[in-house]
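Data block below; observations after.
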Amino acid sequence: MPIIRLSTGIKEIDKMLLGGIPRGFLVAVVGEPGCGKTIFCLHFINAGLKRGERGIFVTTEESRDSIIRQAEQFNFNFLQAVKNGDLVIIDALMRKRDDPFSLMSLDPEELVRKVIEVKKKLGHGHVRLVIDSLSAFWLDKPAVARKYSYFIKKVLTQWDFTILATSQYAISTSEAFGFGIEHIADGIIRFRKAVRSGMLKRYLLIEKMRQTPHDLKMYEIDIVNGVGIVVKRPTIYRKEDIALPEHVKRRIINATKQKEQEIP
Ligand SMILES: Nc1ncnc2c1ncn2[C@@H]1O[C@H](COP(=O)(O)OP(=O)(O)OP(=O)(O)O)[C@@H](O)[C@H]1O
Ligand SMILES: [Mg+2]
């Protein structure tokens, strides 16, 4: 069976992926705060809407209005898509309890239940799904990250979704989040940032995409008002471009070891 590939909405990234993300995949979009994960997800949903595909955007980080406003800055008309019933934005804990598009708790079962309920309302067929962020569902219990993400993948992939799930590394405490999703994900798109010559630079790297001989180079990207993510040039390898500080690496290793031991 030929692989159907979905456009990410960014031509250069599609090219890096030999056409796009294989339909039915769950792809982890990972990286530090402010490096472009949410904006990449907006592109993905918008690319679907442009092709007459429907979308569900789950946001645990922002309100629905905030997502619509951010999309608007890149000329993605999410408000219209919501009105037309082509896009449903589900937020978490932002609304009153009787709101049909709000999660009642940051619980993986609640997420799956709500997403399937909305999918049924949207009707038959393929839907692009964004979960931004998936790591929010295990904030207080990183040890179960892998178990949760496996559960979410197992259930949701039976429902004709192609999924982008963002994941953050919050290394403010002694714990590191994020690991858990990467192993079960069919793909990993990593965003990075660094300050070079006094300027904030952003980078993108496709670290994993099953069934795809993808581009292995790290690219510098820009986020441009009115446009969104723009891919610039591949970067020349420099250790400091990709390496985390030593103390952060140590924390991740320790937290991962501890998590492995905690998994029942
Ligand atoms: N209209 C705009 N024009 C140019 N740059 C913008 C615009 N809107 C947002 N940005 C840039 O994008 C950044 C936010 O990117 P994004 O929301 O995708 O980050 P993120 O990786 O999802 O972060 P987090 O993990 O905190 O959610 C902002 O900090 C800003 O630098
Ligand atoms: Mg975000």
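The chains in the structure tokens are called A, B, ... from first to last as shown; in each chain the residues are counted from 1, and the ligands are counted from 1 in the order shown.
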
- Message: Just want the residues within 10 Å of ligand 2, written as a count of residues only, counting only C-alpha atoms and all ligand atoms.
- Response: 23

- Task: Could you find all residues in range 78-210 of chain A that DSSP calls strand (DSSP E or B) from the backbone, and write them as JSON, numbers by chain?
- Result: {"A": [87, 88, 89, 90, 91, 92, 102, 103, 127, 128, 129, 130, 131, 132, 161, 162, 163, 164, 165, 166, 167, 168, 178, 180, 187, 188, 189, 190, 191, 192, 193, 194, 195, 196, 199, 200, 201, 202, 203, 204, 205, 206, 207, 208, 209]}

Produce a file of the selected residues containing N, CA and C atoms, as a compact mmCIF listing (two decimals), in the first residue's frame.
# COMPACT_ATOMS: atom_id res chain seq x y z
N LEU A 87 -13.13 22.82 12.39
CA LEU A 87 -12.09 22.80 13.43
C LEU A 87 -12.74 22.91 14.80
N VAL A 88 -12.29 22.04 15.71
CA VAL A 88 -12.73 22.15 17.10
C VAL A 88 -11.49 22.37 17.95
N ILE A 89 -11.53 23.41 18.75
CA ILE A 89 -10.42 23.66 19.69
C ILE A 89 -10.90 23.26 21.08
N ILE A 90 -10.19 22.32 21.67
CA ILE A 90 -10.53 21.84 23.01
C ILE A 90 -9.51 22.44 23.96
N ASP A 91 -9.98 23.12 24.98
CA ASP A 91 -9.00 23.63 25.95
C ASP A 91 -9.15 22.89 27.27
N ALA A 92 -8.25 23.17 28.16
CA ALA A 92 -8.25 22.45 29.43
C ALA A 92 -8.49 23.43 30.56
N SER A 102 -14.32 21.56 26.67
CA SER A 102 -13.29 21.80 27.67
C SER A 102 -13.01 20.52 28.45
N LEU A 103 -11.75 20.25 28.68
CA LEU A 103 -11.39 19.06 29.46
C LEU A 103 -11.65 19.35 30.94
N VAL A 127 -9.00 12.81 10.46
CA VAL A 127 -8.93 14.12 11.13
C VAL A 127 -7.49 14.37 11.59
N ARG A 128 -7.02 15.59 11.40
CA ARG A 128 -5.72 15.99 11.94
C ARG A 128 -5.91 16.40 13.40
N LEU A 129 -5.11 15.81 14.26
CA LEU A 129 -5.25 16.09 15.70
C LEU A 129 -3.95 16.65 16.26
N VAL A 130 -4.07 17.74 16.99
CA VAL A 130 -2.91 18.29 17.71
C VAL A 130 -3.18 18.19 19.21
N ILE A 131 -2.20 17.70 19.95
CA ILE A 131 -2.30 17.72 21.41
C ILE A 131 -1.13 18.58 21.91
N ASP A 132 -1.45 19.76 22.38
CA ASP A 132 -0.43 20.75 22.73
C ASP A 132 -0.68 21.23 24.17
N PHE A 161 -6.84 9.16 12.98
CA PHE A 161 -6.22 10.45 13.23
C PHE A 161 -4.79 10.44 12.71
N THR A 162 -4.29 11.59 12.34
CA THR A 162 -2.84 11.79 12.28
C THR A 162 -2.55 12.82 13.36
N ILE A 163 -1.59 12.51 14.23
CA ILE A 163 -1.47 13.27 15.48
C ILE A 163 -0.11 13.96 15.61
N LEU A 164 -0.14 15.23 15.96
CA LEU A 164 1.07 15.91 16.44
C LEU A 164 0.90 16.11 17.93
N ALA A 165 1.86 15.67 18.71
CA ALA A 165 1.78 15.84 20.16
C ALA A 165 3.04 16.58 20.61
N THR A 166 2.85 17.73 21.23
CA THR A 166 4.03 18.47 21.67
C THR A 166 4.45 18.00 23.06
N SER A 167 5.72 18.19 23.33
CA SER A 167 6.28 17.73 24.58
C SER A 167 7.37 18.70 25.00
N GLN A 168 7.35 19.03 26.27
CA GLN A 168 8.30 20.03 26.74
C GLN A 168 9.30 19.42 27.71
N GLY A 178 9.19 14.77 29.22
CA GLY A 178 9.41 14.73 27.78
C GLY A 178 9.72 13.32 27.36
N GLY A 180 9.37 9.55 27.14
CA GLY A 180 8.14 8.78 27.29
C GLY A 180 7.42 8.79 25.98
N GLY A 187 7.40 9.51 14.91
CA GLY A 187 8.34 10.51 14.43
C GLY A 187 8.66 11.51 15.52
N ILE A 188 9.84 12.15 15.38
CA ILE A 188 10.20 13.21 16.33
C ILE A 188 10.70 14.41 15.52
N ILE A 189 10.04 15.54 15.72
CA ILE A 189 10.53 16.78 15.14
C ILE A 189 10.98 17.66 16.29
N ARG A 190 12.26 17.97 16.28
CA ARG A 190 12.82 18.71 17.42
C ARG A 190 13.10 20.16 17.07
N PHE A 191 12.65 21.05 17.93
CA PHE A 191 12.96 22.47 17.79
C PHE A 191 13.99 22.83 18.85
N ARG A 192 14.90 23.71 18.45
CA ARG A 192 15.93 24.16 19.40
C ARG A 192 16.08 25.66 19.30
N LYS A 193 16.69 26.23 20.32
CA LYS A 193 17.01 27.65 20.22
C LYS A 193 18.37 27.90 20.84
N ALA A 194 18.96 29.00 20.42
CA ALA A 194 20.26 29.37 20.96
C ALA A 194 20.46 30.85 20.70
N VAL A 195 21.29 31.47 21.51
CA VAL A 195 21.63 32.88 21.25
C VAL A 195 22.98 32.91 20.54
N ARG A 196 22.98 33.48 19.36
CA ARG A 196 24.21 33.59 18.56
C ARG A 196 24.44 35.06 18.25
N MET A 199 21.70 37.32 19.26
CA MET A 199 20.38 37.15 18.63
C MET A 199 19.82 35.77 18.94
N LEU A 200 18.51 35.73 19.15
CA LEU A 200 17.86 34.44 19.35
C LEU A 200 17.70 33.74 17.99
N LYS A 201 18.25 32.54 17.90
CA LYS A 201 18.12 31.74 16.67
C LYS A 201 17.31 30.50 16.99
N ARG A 202 16.58 30.04 15.99
CA ARG A 202 15.80 28.82 16.19
C ARG A 202 16.22 27.79 15.14
N TYR A 203 16.10 26.52 15.53
CA TYR A 203 16.52 25.43 14.64
C TYR A 203 15.48 24.33 14.63
N LEU A 204 15.51 23.55 13.56
CA LEU A 204 14.60 22.42 13.44
C LEU A 204 15.37 21.21 12.93
N LEU A 205 15.07 20.08 13.51
CA LEU A 205 15.75 18.85 13.13
C LEU A 205 14.74 17.70 13.14
N ILE A 206 14.70 16.94 12.05
CA ILE A 206 13.85 15.75 12.07
C ILE A 206 14.70 14.62 12.63
N GLU A 207 14.35 14.19 13.81
CA GLU A 207 15.17 13.17 14.49
C GLU A 207 14.72 11.77 14.19
N LYS A 208 13.46 11.65 13.82
CA LYS A 208 12.93 10.31 13.59
C LYS A 208 11.67 10.45 12.75
N MET A 209 11.53 9.59 11.74
CA MET A 209 10.26 9.50 11.02
C MET A 209 10.24 8.12 10.39

- Task: Name the residues in contact with Glu12 in chain A at a cut-off of 12 Å, using only C-alpha atoms, excluding same-chain residues fewer than 3 positions from it; report them as a VMD selection string.
- Result: chain A and resid 7 to 9 15 to 20 204 214 to 215 219 to 221 229 to 234

- Message: Here is a test: counting only C-alpha atoms and all ligand atoms, which residue of A:Gly48, A:Gly226, A:Pro108, A:Pro213 is nearest to ligand 1?
- Response: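 Of the candidates, the smallest distance to ligand 1 is held by A:Gly226.
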
- Query: Nearest to ligand 1 among A:Gly52, A:Lys141, A:Arg146, A:Gln73, with distances taken over only C-alpha atoms and all ligand atoms: which residue is it?
  - Reply: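 Ranking A:Gly52, A:Lys141, A:Arg146, A:Gln73 by distance to ligand 1, first place goes to A:Gln73.
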